[in-house]
file input-v7.txt (compact mmCIF, C-alpha atoms)
# COMPACT_ATOMS: atom_id res chain seq x y z
CA MET A 16 43.10 16.51 21.96
CA THR A 17 46.38 16.22 23.87
CA VAL A 18 47.14 13.16 26.00
CA ARG A 19 46.90 15.39 29.05
CA ASP A 20 43.39 16.58 28.11
CA ALA A 21 42.33 13.04 27.31
CA THR A 22 43.65 11.86 30.70
CA LEU A 23 41.79 14.68 32.43
CA ASP A 24 38.56 13.66 30.73
CA PHE A 25 39.10 10.01 31.62
CA VAL A 26 39.92 10.77 35.26
CA LEU A 27 36.80 12.93 35.51
CA ARG A 28 34.68 10.12 34.07
CA VAL A 29 35.89 7.68 36.73
CA GLY A 30 35.94 10.25 39.56
CA ASP A 31 32.51 11.71 38.77
CA SER A 32 31.00 8.22 38.57
CA CYS A 33 32.37 7.44 42.05
CA LEU A 34 31.13 10.76 43.38
CA ILE A 35 27.60 10.55 41.98
CA LEU A 36 27.11 6.93 43.02
CA GLY A 37 28.51 7.80 46.47
CA GLN A 38 25.99 10.64 46.73
CA ARG A 39 23.13 8.36 45.63
CA LEU A 40 24.05 5.73 48.21
CA SER A 41 24.51 8.33 50.96
CA ALA A 42 20.83 9.19 50.63
CA LEU A 43 20.07 5.70 51.96
CA CYS A 44 21.83 6.37 55.25
CA GLY A 45 19.25 5.62 57.91
CA HIS A 46 16.93 4.01 55.33
CA GLY A 47 18.64 0.65 54.76
CA PRO A 48 16.41 -2.44 54.87
CA SER A 49 18.27 -3.68 57.95
CA LEU A 50 20.88 -2.23 60.28
CA GLU A 51 23.70 -4.28 58.70
CA GLU A 52 22.69 -3.22 55.20
CA ASP A 53 22.39 0.40 56.24
CA ILE A 54 25.97 0.22 57.50
CA ALA A 55 27.15 -1.60 54.38
CA ILE A 56 25.55 0.92 52.01
CA THR A 57 27.06 3.88 53.82
CA ASN A 58 30.48 2.20 53.95
CA VAL A 59 30.38 1.69 50.19
CA ALA A 60 29.30 5.33 49.79
CA LEU A 61 32.22 6.42 51.95
CA ASP A 62 34.72 4.38 49.93
CA LEU A 63 33.38 5.83 46.67
CA ILE A 64 33.44 9.42 47.90
CA GLY A 65 36.98 8.92 49.20
CA GLN A 66 38.02 7.52 45.82
CA ALA A 67 36.28 10.42 44.06
CA GLN A 68 38.34 12.81 46.17
CA ASN A 69 41.55 11.15 44.98
CA TRP A 70 40.46 11.14 41.34
CA LEU A 71 39.23 14.73 41.42
CA ALA A 72 42.46 15.87 43.09
CA HIS A 73 44.33 14.35 40.15
CA ALA A 74 41.88 15.95 37.71
CA GLY A 75 42.54 19.32 39.34
CA GLU A 76 46.31 18.86 38.89
CA LEU A 77 45.90 17.83 35.24
CA GLU A 78 43.59 20.75 34.58
CA GLY A 79 46.06 23.18 36.16
CA ARG A 80 43.51 25.84 37.03
CA GLY A 81 43.88 25.50 40.78
CA ARG A 82 40.58 23.71 41.34
CA ASP A 83 40.53 21.32 44.28
CA PRO A 84 38.15 18.32 44.62
CA ASP A 85 35.56 20.44 46.41
CA SER A 86 35.41 23.10 43.70
CA LEU A 87 35.08 20.40 41.06
CA ALA A 88 32.33 18.62 43.00
CA TYR A 89 30.32 21.66 44.06
CA PHE A 90 30.85 24.25 41.36
CA ARG A 91 30.30 22.44 38.10
CA ASP A 92 26.88 22.13 36.50
CA ALA A 93 25.20 19.02 35.15
CA HIS A 94 26.53 19.38 31.59
CA GLU A 95 30.11 19.45 32.95
CA PHE A 96 29.75 16.20 34.87
CA ARG A 97 31.25 13.17 33.15
CA ASN A 98 29.75 10.36 35.23
CA LEU A 99 28.01 7.33 33.77
CA VAL A 100 24.28 7.75 33.31
CA LEU A 101 23.85 4.42 35.12
CA VAL A 102 25.05 5.79 38.47
CA GLU A 103 22.76 8.81 38.49
CA GLN A 104 19.64 6.61 38.28
CA PRO A 105 17.38 6.90 41.35
CA ASN A 106 17.72 4.38 44.18
CA GLY A 107 14.25 2.92 43.58
CA HIS A 108 13.63 -0.15 45.73
CA PHE A 109 16.49 -2.21 47.18
CA GLY A 110 16.58 -4.46 44.09
CA ASP A 111 16.99 -1.40 41.83
CA THR A 112 19.82 -0.13 44.04
CA MET A 113 21.56 -3.50 43.93
CA ALA A 114 21.08 -3.96 40.16
CA ARG A 115 22.74 -0.58 39.54
CA GLN A 116 25.49 -1.47 42.01
CA PHE A 117 26.07 -4.92 40.54
CA TYR A 118 26.54 -3.66 36.98
CA PHE A 119 28.77 -0.83 38.17
CA ASP A 120 30.89 -2.82 40.65
CA VAL A 121 31.79 -5.53 38.14
CA TRP A 122 32.79 -2.89 35.57
CA HIS A 123 34.63 -0.82 38.20
CA TYR A 124 36.67 -3.80 39.38
CA LEU A 125 37.63 -4.89 35.85
CA LEU A 126 38.60 -1.32 34.95
CA LEU A 127 40.72 -0.82 38.08
CA ALA A 128 42.47 -4.16 37.49
CA GLN A 129 43.71 -2.64 34.20
CA LEU A 130 44.43 0.82 35.58
CA ILE A 131 46.87 -0.48 38.22
CA GLU A 132 49.23 -0.96 35.25
CA SER A 133 48.70 2.59 33.96
CA SER A 134 51.75 4.52 32.80
CA ASP A 135 50.32 7.52 34.67
CA GLU A 136 51.68 6.81 38.16
CA THR A 137 48.95 8.69 39.97
CA VAL A 138 46.24 6.82 38.07
CA ALA A 139 47.99 3.53 38.90
CA GLY A 140 48.32 4.49 42.58
CA ILE A 141 44.68 5.51 43.00
CA ALA A 142 43.56 2.35 41.17
CA ALA A 143 45.72 0.09 43.37
CA LYS A 144 44.23 1.66 46.48
CA SER A 145 40.65 1.62 45.19
CA ILE A 146 40.60 -1.97 43.95
CA LYS A 147 41.15 -3.32 47.46
CA GLU A 148 37.96 -1.57 48.54
CA VAL A 149 36.01 -2.42 45.40
CA ARG A 150 36.71 -6.14 45.90
CA TYR A 151 34.41 -5.99 48.93
CA HIS A 152 31.81 -4.05 46.91
CA VAL A 153 31.79 -6.73 44.20
CA GLU A 154 31.47 -9.49 46.76
CA ARG A 155 28.49 -7.80 48.35
CA SER A 156 26.55 -6.84 45.21
CA CYS A 157 27.03 -10.27 43.59
CA ASP A 158 25.87 -11.94 46.81
CA TRP A 159 22.74 -9.80 46.84
CA VAL A 160 21.88 -10.52 43.22
CA VAL A 161 22.06 -14.25 44.01
CA ARG A 162 20.16 -13.89 47.26
CA LEU A 163 17.32 -11.91 45.72
CA GLY A 164 17.29 -13.74 42.38
CA ASP A 165 17.34 -17.18 43.99
CA GLY A 166 15.09 -16.07 46.84
CA THR A 167 11.30 -15.96 46.92
CA PRO A 168 9.17 -15.80 43.75
CA GLU A 169 8.54 -12.12 44.46
CA SER A 170 12.19 -11.20 45.09
CA HIS A 171 13.13 -13.14 41.93
CA GLU A 172 10.61 -11.30 39.81
CA ARG A 173 11.54 -7.87 41.18
CA MET A 174 15.29 -8.49 40.82
CA GLN A 175 14.80 -9.61 37.23
CA ALA A 176 12.74 -6.49 36.47
CA ALA A 177 15.32 -4.24 38.15
CA LEU A 178 18.17 -5.76 36.12
CA GLU A 179 16.12 -5.26 32.93
CA ARG A 180 15.50 -1.60 33.79
CA GLN A 181 19.14 -0.78 34.53
CA TRP A 182 20.23 -2.71 31.44
CA ALA A 183 19.28 0.31 29.36
CA HIS A 184 22.33 2.12 30.76
CA VAL A 185 25.08 -0.48 30.48
CA GLY A 186 26.03 0.14 26.84
CA GLU A 187 27.87 3.26 27.88
CA LEU A 188 30.23 1.33 30.15
CA PHE A 189 32.10 0.12 27.07
CA GLU A 190 31.82 3.17 24.87
CA ALA A 191 34.94 5.11 23.91
CA ALA A 192 35.20 8.87 24.29
CA PRO A 193 37.04 10.93 21.63
CA GLY A 194 40.41 10.98 23.43
CA ASP A 195 40.46 7.30 24.40
CA THR A 196 42.61 6.09 21.51
CA ALA A 197 45.40 8.41 22.65
CA LEU A 198 45.13 6.96 26.17
CA VAL A 199 45.39 3.41 24.90
CA ASP A 200 48.43 4.32 22.80
CA ALA A 201 50.10 5.93 25.82
CA ASP A 202 49.27 2.93 28.08
CA ILE A 203 47.33 5.21 30.39
CA ALA A 204 44.00 3.42 30.18
CA PRO A 205 42.58 0.33 28.45
CA ALA A 206 40.08 0.55 25.61
CA LEU A 207 36.75 0.29 27.42
CA SER A 208 35.46 -2.03 24.70
CA THR A 209 37.89 -4.70 25.99
CA LEU A 210 35.98 -4.81 29.29
CA ARG A 211 32.78 -5.93 27.63
CA GLU A 212 33.70 -9.59 27.26
CA PRO A 213 34.89 -10.23 30.87
CA TRP A 214 32.01 -8.08 32.18
CA SER A 215 29.39 -10.03 30.24
CA ARG A 216 30.94 -13.33 31.29
CA HIS A 217 30.95 -12.49 34.99
CA VAL A 218 27.52 -10.85 34.99
CA GLY A 219 26.21 -13.91 33.14
CA GLU A 220 27.72 -16.33 35.65
CA VAL A 221 26.31 -14.50 38.64
CA MET A 222 22.88 -14.18 37.06
CA ALA A 223 22.89 -17.88 36.17
CA GLU A 224 23.66 -18.74 39.79
CA ALA A 225 20.85 -16.39 40.77
CA THR A 226 18.44 -18.22 38.40
CA LEU A 227 18.02 -14.92 36.55
CA THR A 228 18.04 -14.31 32.80
CA VAL A 229 20.47 -11.88 31.20
CA PRO A 230 18.37 -9.35 29.24
CA ASP A 231 18.62 -10.13 25.54
CA LYS A 232 17.90 -6.65 24.22
CA PRO A 233 20.83 -4.51 23.13
CA PRO A 234 21.67 -1.84 25.70
CA SER A 235 21.01 1.68 24.47
CA ARG A 236 24.14 3.56 23.54
CA ALA A 237 23.54 7.24 24.08
CA GLY A 238 25.13 8.36 27.29
CA VAL A 239 27.54 10.83 28.71
CA ARG A 240 30.11 9.94 26.08
CA ALA A 241 27.75 11.72 23.75
CA GLY A 242 27.27 14.52 26.28
CA HIS A 243 23.87 13.44 27.58
CA HIS A 244 22.65 12.93 31.09
CA SER A 245 19.27 11.75 32.30
CA GLU A 246 16.87 14.17 33.96
CA HIS A 247 17.90 12.83 37.37
CA LEU A 248 21.37 14.39 37.56
CA SER A 249 20.26 18.01 37.98
CA TYR A 250 18.03 17.15 40.92
CA LEU A 251 20.84 15.19 42.54
CA LEU A 252 23.27 18.07 42.05
CA ALA A 253 20.78 20.60 43.41
CA GLU A 254 20.71 18.66 46.65
CA MET A 255 24.43 17.93 46.76
CA GLN A 256 25.59 21.44 45.85
CA GLY A 257 22.91 23.66 47.37
CA LEU A 258 24.46 24.25 50.78
CA ARG A 259 27.94 24.78 49.43
CA ARG A 260 26.76 27.26 46.84
CA ALA A 261 24.69 29.16 49.38
CA HIS A 262 27.81 29.54 51.55
CA PRO A 263 30.68 29.36 49.07
CA ASN A 264 33.43 30.39 51.48
CA ALA A 265 32.24 28.52 54.53
CA GLU A 266 34.83 26.42 56.33
CA TRP A 267 34.40 23.59 58.79
CA MET B 12 61.27 28.84 68.23
CA ALA B 13 63.98 27.27 66.15
CA THR B 14 65.58 24.09 67.35
CA THR B 15 69.26 23.64 66.68
CA ARG B 16 70.53 20.44 65.27
CA GLN B 17 71.92 19.39 68.66
CA GLN B 18 68.66 19.97 70.50
CA ARG B 19 66.27 18.55 67.99
CA PRO B 20 64.69 15.17 68.61
CA THR B 21 66.18 12.26 66.72
CA GLU B 22 64.13 10.22 64.27
CA ALA B 23 63.93 7.49 66.90
CA ASP B 24 62.51 10.01 69.42
CA ILE B 25 59.87 10.98 66.89
CA TRP B 26 58.91 7.39 66.12
CA SER B 27 58.54 6.71 69.80
CA ARG B 28 56.41 9.85 70.34
CA LEU B 29 54.18 8.93 67.36
CA ASP B 30 53.77 5.48 68.85
CA ALA B 31 51.71 7.18 71.55
CA VAL B 32 49.27 8.67 68.99
CA THR B 33 46.26 6.40 68.85
CA ASP B 34 43.65 5.79 66.19
CA PRO B 35 40.58 7.85 67.15
CA GLU B 36 38.21 5.00 66.30
CA ILE B 37 40.27 2.19 67.88
CA PRO B 38 42.01 3.96 70.77
CA VAL B 39 44.12 0.97 71.83
CA ILE B 40 46.26 0.88 68.72
CA SER B 41 48.81 3.49 67.62
CA VAL B 42 49.25 5.02 64.20
CA VAL B 43 52.67 3.31 64.12
CA ASP B 44 51.18 -0.11 64.94
CA LEU B 45 48.61 0.45 62.20
CA GLY B 46 51.30 1.16 59.62
CA ILE B 47 49.91 4.62 58.85
CA VAL B 48 53.25 6.33 59.53
CA ARG B 49 55.53 5.22 56.71
CA ALA B 50 58.64 7.34 57.19
CA VAL B 51 60.15 10.01 59.40
CA ALA B 52 63.11 11.98 58.08
CA TRP B 53 65.00 15.17 58.75
CA ASP B 54 66.01 17.10 55.67
CA ASP B 55 68.20 19.95 56.87
CA ASP B 56 66.02 21.67 59.43
CA GLU B 57 62.73 20.41 58.13
CA LEU B 58 61.09 17.25 59.37
CA THR B 59 58.98 15.20 56.96
CA VAL B 60 56.53 12.62 58.20
CA VAL B 61 55.06 10.39 55.51
CA ILE B 62 51.64 8.95 56.21
CA THR B 63 49.35 6.74 54.17
CA PRO B 64 45.59 6.67 54.57
CA THR B 65 43.96 3.32 55.34
CA TYR B 66 40.71 3.39 53.34
CA SER B 67 40.15 6.12 50.72
CA GLY B 68 37.16 7.55 52.54
CA CYS B 69 38.21 6.91 56.13
CA PRO B 70 37.02 10.01 58.03
CA ALA B 71 39.54 9.34 60.82
CA ILE B 72 42.46 10.48 58.68
CA ARG B 73 41.88 14.20 59.38
CA VAL B 74 41.91 13.62 63.14
CA ILE B 75 44.98 11.42 62.77
CA GLU B 76 46.82 14.15 60.84
CA ASP B 77 45.95 16.71 63.52
CA SER B 78 47.07 14.36 66.31
CA ILE B 79 50.36 13.65 64.56
CA GLY B 80 50.93 17.39 64.12
CA ASP B 81 50.24 17.99 67.82
CA ALA B 82 52.60 15.19 68.83
CA ILE B 83 55.42 16.63 66.74
CA ARG B 84 54.87 20.12 68.15
CA ASP B 85 54.98 18.56 71.64
CA LEU B 86 58.58 17.65 70.89
CA GLY B 87 59.33 21.29 70.13
CA VAL B 88 59.44 20.85 66.36
CA GLU B 89 57.64 23.57 64.43
CA ASN B 90 59.22 23.16 61.01
CA PHE B 91 57.63 19.98 59.68
CA ARG B 92 55.34 18.79 56.96
CA LEU B 93 53.02 15.84 56.62
CA GLU B 94 53.23 14.14 53.28
CA THR B 95 50.33 11.90 52.27
CA ARG B 96 51.37 9.01 50.09
CA LEU B 97 48.81 6.79 48.35
CA SER B 98 51.23 4.36 46.79
CA PRO B 99 52.05 1.66 47.76
CA ALA B 100 48.53 1.30 49.09
CA TRP B 101 48.10 0.68 52.79
CA THR B 102 47.65 -2.97 53.72
CA THR B 103 46.83 -4.78 56.94
CA ASP B 104 50.06 -6.74 56.35
CA TRP B 105 51.73 -3.66 57.91
CA LEU B 106 49.98 -4.13 61.25
CA SER B 107 52.53 -4.85 63.95
CA GLU B 108 52.39 -7.99 66.10
CA ARG B 109 51.82 -5.81 69.15
CA GLY B 110 49.00 -4.05 67.33
CA ARG B 111 47.36 -7.37 66.54
CA GLU B 112 47.51 -8.43 70.17
CA ARG B 113 46.07 -5.14 71.32
CA LEU B 114 43.18 -5.47 68.89
CA ARG B 115 42.40 -8.96 70.19
CA ASP B 116 42.50 -7.78 73.82
CA TYR B 117 40.14 -4.96 72.87
CA GLY B 118 37.61 -7.43 71.39
CA ILE B 119 38.45 -6.99 67.70
CA ALA B 120 39.70 -10.06 65.84
CA PRO B 121 42.90 -9.13 63.95
CA PRO B 122 43.32 -9.98 60.23
CA ALA B 123 43.53 -13.76 59.89
CA CYS B 124 45.59 -13.82 56.73
CA SER B 125 47.72 -11.77 54.44
CA ALA B 126 45.90 -9.27 52.25
CA ALA B 127 44.90 -10.80 48.95
CA GLN B 128 46.58 -9.55 45.82
CA VAL B 129 44.37 -8.54 42.93
CA VAL B 130 42.46 -11.68 42.07
CA ASP B 131 40.42 -12.66 39.07
CA ILE B 132 36.87 -11.41 39.52
CA SER B 133 35.43 -14.92 39.33
CA ARG B 134 37.27 -15.77 42.56
CA ILE B 135 35.69 -12.99 44.59
CA MET B 136 32.28 -14.57 44.94
CA ASN B 137 31.68 -17.57 47.14
CA ARG B 138 35.11 -16.98 48.60
CA ARG B 139 35.67 -19.45 51.38
CA HIS B 140 36.05 -17.39 54.49
CA ARG B 141 38.90 -18.29 56.75
CA ALA B 142 38.10 -19.34 60.26
CA ILE B 143 38.20 -16.22 62.36
CA ALA B 144 38.76 -16.93 66.05
CA CYS B 145 36.31 -15.20 68.40
CA PRO B 146 38.25 -12.60 70.40
CA HIS B 147 36.02 -13.28 73.42
CA CYS B 148 36.12 -17.07 73.78
CA GLY B 149 38.66 -18.19 71.16
CA ALA B 150 36.26 -20.51 69.35
CA THR B 151 36.69 -20.73 65.60
CA ALA B 152 33.05 -21.60 64.93
CA THR B 153 32.18 -18.08 63.81
CA GLU B 154 30.24 -16.70 60.87
CA PRO B 155 30.35 -13.44 58.94
CA VAL B 156 27.26 -11.26 59.31
CA SER B 157 28.42 -8.47 57.02
CA GLN B 158 31.66 -7.48 55.33
CA PHE B 159 30.97 -3.94 56.44
CA GLY B 160 31.07 -2.82 60.05
CA SER B 161 31.15 0.24 62.27
CA THR B 162 34.26 1.59 60.51
CA PRO B 163 35.53 0.95 56.96
CA CYS B 164 38.27 -1.39 58.21
CA LYS B 165 36.01 -3.81 60.06
CA ALA B 166 33.59 -6.61 59.23
CA LEU B 167 30.85 -7.90 61.48
CA TYR B 168 30.99 -11.48 62.77
CA ARG B 169 29.09 -13.64 65.20
CA CYS B 170 30.46 -16.42 67.38
CA GLN B 171 28.41 -19.60 67.31
CA ALA B 172 29.98 -20.85 70.55
CA CYS B 173 29.55 -17.91 72.92
CA LEU B 174 26.91 -16.27 70.70
CA GLU B 175 28.57 -12.85 71.01
CA PRO B 176 28.88 -10.57 68.01
CA PHE B 177 32.34 -9.17 67.34
CA ASP B 178 34.27 -6.96 64.93
CA TYR B 179 36.86 -8.42 62.58
CA PHE B 180 39.65 -6.18 61.30
CA LYS B 181 39.39 -7.42 57.74
CA GLU B 182 42.44 -8.28 55.70
CA HIS B 183 43.02 -5.54 53.20
call {"tool": "encode", "arguments": {"input": "input-v7.txt", "output": "structure tokens"}}
result
Amino acid sequence: MTVRDATLDFVLRVGDSCLILGQRLSALCGHGPSLEEDIAITNVALDLIGQAQNWLAHAGELEGRGRDPDSLAYFRDAHEFRNLVLVEQPNGHFGDTMARQFYFDVWHYLLLAQLIESSDETVAGIAAKSIKEVRYHVERSCDWVVRLGDGTPESHERMQAALERQWAHVGELFEAAPGDTALVDADIAPALSTLREPWSRHVGEVMAEATLTVPDKPPSRAGVRAGHHSEHLSYLLAEMQGLRRAHPNAEW
Amino acid sequence: MATTRQQRPTEADIWSRLDAVTDPEIPVISVVDLGIVRAVAWDDDELTVVITPTYSGCPAIRVIEDSIGDAIRDLGVENFRLETRLSPAWTTDWLSERGRERLRDYGIAPPACSAAQVVDISRIMNRRHRAIACPHCGATATEPVSQFGSTPCKALYRCQACLEPFDYFKEH
């Protein structure tokens, strides 16, 4: 695999994760538990979709087949998506949504903090722009984990259960894909395994403050790195892509 | 209609025309005050205007691009291009003093401090929020309600003195 192909795959993994999580969160527009939270969720969705647009534009350039962000978002099928399995998980109740967000945001921030030093200038530029937005995402999801964990007995119990459920998908956050060694050698991206220690430390600190217990079971490993998605992605894509595919040449 | 070099507007003329293009979501502040317009330059007979988006997903950017295009055509310039530049990333440190005053007059508290550099993740939580003065009564006894407001660039605050809610243009 060439460095260019490996970069393309990496950029798709980050961009698709932003896109799919943005799509998931968008579904909560008008359904937030309070007006402020509704606005917060949709703002985070907007940031992620905007970031996905930047990443997918770069992916299109690297691929060199003339595909723009819209064609990549709307005209690929589930097996071509490279997002984390974590972000395609259903919204569930608010605790499930925040557990998924918390694990992702902490990882996303730590990854971007490394990518701002990337030798690929476009990657570094998108990361530097994104991290300013993601700082607010991290602040919000950590606050919610503490609020719900250290809240009422019921919110505590449901937050703990939600974090246990999503735990099954965190192993993949630190898993290397086949081309990753080449990216590390070329200073394009960090080895994802190096994010595990700071991620575990921060997640542990927040959960301790929230009076929650970090799950002690090993996270399962099989994920998109191995080419697998959960059953949920196809349904999500059907909704996201349906209109565009029914009217492929429509313009606003 | 081609403009000759003698007739064409100077870069200063263009800056001043763009200073009349307002943000569609905050119509009291111009795209120049916001720091969205980064550079204006003639290269032979082609004008290049460099702009930088505020937030990655800010939906206002399309309208802003159209308005900038219209403003340039108003000056009789047809041969121009808009270049979008992501790096260096837009920051509220680029807001002009006049822009900050206009925000305050409009009821939006301007950024209270310089945008933070990338910080260690452990410093994000429990961040001590700076005192944000209420744009209505000036009191500093205010509290954040949510870091996310009606547009990506604003947070929601409440004044404990006059009890009014207000928007804060968050440092970024």
call {"tool": "closest_residue", "arguments": {"input": "input-v7.txt", "among": "B:Arg84, B:Arg115, B:Arg134, B:Arg19", "to": "chain A", "atoms": "only C-alpha atoms"}}
result
B:Arg134
call {"tool": "closest_residue", "arguments": {"input": "input-v7.txt", "among": "B:Asp81, B:Asp34, B:Asp104, B:Glu22", "to": "B:Cys69", "atoms": "only C-alpha atoms"}}
result
B:Asp34
call {"tool": "atom_distance", "arguments": {"input": "input-v7.txt", "atom1": "atom CA of B:Ala126", "atom2": "atom CA of A:Leu188"}}
result
29.1 Å
call {"tool": "residues_around", "arguments": {"input": "input-v7.txt", "residues": "B:Asp178", "least_positions_apart": "4", "cutoff": "8 Å", "atoms": "all atoms listed in the file", "output": "PyMOL selection string"}}
result
chain B and resi 118-120+160+165-168
call {"tool": "interface_residues", "arguments": {"input": "input-v7.txt", "of": "chain B", "to": "chain A", "cutoff": "10 Å", "atoms": "only C-alpha atoms", "output": "mmCIF file with C-alpha atoms, in the coordinates of the input"}}
result
data_model
loop_
_atom_site.group_PDB
_atom_site.id
_atom_site.type_symbol
_atom_site.label_atom_id
_atom_site.label_comp_id
_atom_site.auth_asym_id
_atom_site.auth_seq_id
_atom_site.Cartn_x
_atom_site.Cartn_y
_atom_site.Cartn_z
ATOM 1 C CA PRO B 64 45.590 6.670 54.570
ATOM 2 C CA THR B 65 43.960 3.320 55.340
ATOM 3 C CA TYR B 66 40.710 3.390 53.340
ATOM 4 C CA SER B 67 40.150 6.120 50.720
ATOM 5 C CA GLY B 68 37.160 7.550 52.540
ATOM 6 C CA CYS B 69 38.210 6.910 56.130
ATOM 7 C CA PRO B 70 37.020 10.010 58.030
ATOM 8 C CA ARG B 96 51.370 9.010 50.090
ATOM 9 C CA LEU B 97 48.810 6.790 48.350
ATOM 10 C CA SER B 98 51.230 4.360 46.790
ATOM 11 C CA PRO B 99 52.050 1.660 47.760
ATOM 12 C CA ALA B 100 48.530 1.300 49.090
ATOM 13 C CA TRP B 101 48.100 0.680 52.790
ATOM 14 C CA THR B 102 47.650 -2.970 53.720
ATOM 15 C CA ALA B 126 45.900 -9.270 52.250
ATOM 16 C CA ALA B 127 44.900 -10.800 48.950
ATOM 17 C CA GLN B 128 46.580 -9.550 45.820
ATOM 18 C CA VAL B 129 44.370 -8.540 42.930
ATOM 19 C CA VAL B 130 42.460 -11.680 42.070
ATOM 20 C CA ASP B 131 40.420 -12.660 39.070
ATOM 21 C CA ILE B 132 36.870 -11.410 39.520
ATOM 22 C CA SER B 133 35.430 -14.920 39.330
ATOM 23 C CA ARG B 134 37.270 -15.770 42.560
ATOM 24 C CA ILE B 135 35.690 -12.990 44.590
ATOM 25 C CA MET B 136 32.280 -14.570 44.940
ATOM 26 C CA ASN B 137 31.680 -17.570 47.140
ATOM 27 C CA ARG B 138 35.110 -16.980 48.600
ATOM 28 C CA VAL B 156 27.260 -11.260 59.310
ATOM 29 C CA SER B 157 28.420 -8.470 57.020
ATOM 30 C CA GLN B 158 31.660 -7.480 55.330
ATOM 31 C CA PHE B 159 30.970 -3.940 56.440
ATOM 32 C CA GLY B 160 31.070 -2.820 60.050
ATOM 33 C CA SER B 161 31.150 0.240 62.270
ATOM 34 C CA THR B 162 34.260 1.590 60.510
ATOM 35 C CA PRO B 163 35.530 0.950 56.960
ATOM 36 C CA CYS B 164 38.270 -1.390 58.210
ATOM 37 C CA ALA B 166 33.590 -6.610 59.230
ATOM 38 C CA LEU B 167 30.850 -7.900 61.480
ATOM 39 C CA GLU B 182 42.440 -8.280 55.700
ATOM 40 C CA HIS B 183 43.020 -5.540 53.200
#
call {"tool": "atom_distance", "arguments": {"input": "input-v7.txt", "atom1": "atom CA of A:Pro84", "atom2": "atom CA of A:Ala72"}}
result
5.2 Å
call {"tool": "atom_distance", "arguments": {"input": "input-v7.txt", "atom1": "atom CA of B:Ala123", "atom2": "atom CA of B:Leu174"}}
result
20.0 Å
call {"tool": "closest_residue", "arguments": {"input": "input-v7.txt", "among": "B:Gly80, B:Pro176, B:Pro35, B:Gly110", "to": "B:Pro122", "atoms": "all atoms listed in the file"}}
result
B:Gly110
call {"tool": "closest_residue", "arguments": {"input": "input-v7.txt", "among": "A:Gln181, A:Ser41, A:Ser49, A:Thr167", "to": "A:Val229", "atoms": "all atoms listed in the file"}}
result
A:Gln181
call {"tool": "residues_around", "arguments": {"input": "input-v7.txt", "residues": "B:Gly149", "least_positions_apart": "3", "cutoff": "12 Å", "atoms": "all atoms listed in the file", "output": "list in words"}}
result
Arg115, Asp116, Gly118, Ile119, Ala120, Ala142, Ile143, Ala144, Cys145, Pro146, Ala152, Thr153, Cys170, Gln171, Ala172, Cys173, Leu174, Glu175 and Phe177 of chain B
call {"tool": "decode", "arguments": {"input": "input-v7.txt", "residues": "stretch 98-109 of chain B", "atoms": "N, CA and C atoms", "output": "PDB file, in the first residue's frame"}}
result
ATOM      1  N   SER B  98      -6.374  27.160   6.752  1.00  0.00           N
ATOM      2  CA  SER B  98      -5.231  27.283   7.655  1.00  0.00           C
ATOM      3  C   SER B  98      -4.497  28.602   7.411  1.00  0.00           C
ATOM      4  N   PRO B  99      -4.152  29.385   8.430  1.00  0.00           N
ATOM      5  CA  PRO B  99      -4.439  29.148   9.843  1.00  0.00           C
ATOM      6  C   PRO B  99      -5.933  29.255  10.137  1.00  0.00           C
ATOM      7  N   ALA B 100      -6.370  28.455  11.097  1.00  0.00           N
ATOM      8  CA  ALA B 100      -7.787  28.381  11.428  1.00  0.00           C
ATOM      9  C   ALA B 100      -8.292  29.712  11.971  1.00  0.00           C
ATOM     10  N   TRP B 101      -9.506  30.041  11.592  1.00  0.00           N
ATOM     11  CA  TRP B 101     -10.139  31.276  12.057  1.00  0.00           C
ATOM     12  C   TRP B 101     -10.169  31.309  13.587  1.00  0.00           C
ATOM     13  N   THR B 102      -9.961  32.486  14.140  1.00  0.00           N
ATOM     14  CA  THR B 102     -10.013  32.643  15.591  1.00  0.00           C
ATOM     15  C   THR B 102     -10.711  33.951  15.928  1.00  0.00           C
ATOM     16  N   THR B 103     -11.364  33.981  17.072  1.00  0.00           N
ATOM     17  CA  THR B 103     -12.034  35.217  17.487  1.00  0.00           C
ATOM     18  C   THR B 103     -11.026  36.308  17.844  1.00  0.00           C
ATOM     19  N   ASP B 104      -9.727  35.939  17.923  1.00  0.00           N
ATOM     20  CA  ASP B 104      -8.704  36.968  18.143  1.00  0.00           C
ATOM     21  C   ASP B 104      -8.677  37.949  16.969  1.00  0.00           C
ATOM     22  N   TRP B 105      -9.229  37.536  15.825  1.00  0.00           N
ATOM     23  CA  TRP B 105      -9.230  38.402  14.633  1.00  0.00           C
ATOM     24  C   TRP B 105     -10.401  39.387  14.617  1.00  0.00           C
ATOM     25  N   LEU B 106     -11.299  39.294  15.558  1.00  0.00           N
ATOM     26  CA  LEU B 106     -12.408  40.245  15.619  1.00  0.00           C
ATOM     27  C   LEU B 106     -11.873  41.652  15.877  1.00  0.00           C
ATOM     28  N   SER B 107     -12.364  42.607  15.099  1.00  0.00           N
ATOM     29  CA  SER B 107     -11.885  43.979  15.276  1.00  0.00           C
ATOM     30  C   SER B 107     -12.509  44.601  16.533  1.00  0.00           C
ATOM     31  N   GLU B 108     -11.865  45.659  17.025  1.00  0.00           N
ATOM     32  CA  GLU B 108     -12.392  46.379  18.188  1.00  0.00           C
ATOM     33  C   GLU B 108     -13.796  46.904  17.891  1.00  0.00           C
ATOM     34  N   ARG B 109     -13.935  47.457  16.667  1.00  0.00           N
ATOM     35  CA  ARG B 109     -15.240  48.004  16.288  1.00  0.00           C
ATOM     36  C   ARG B 109     -16.287  46.882  16.271  1.00  0.00           C
TER      37      ARG B 109
END
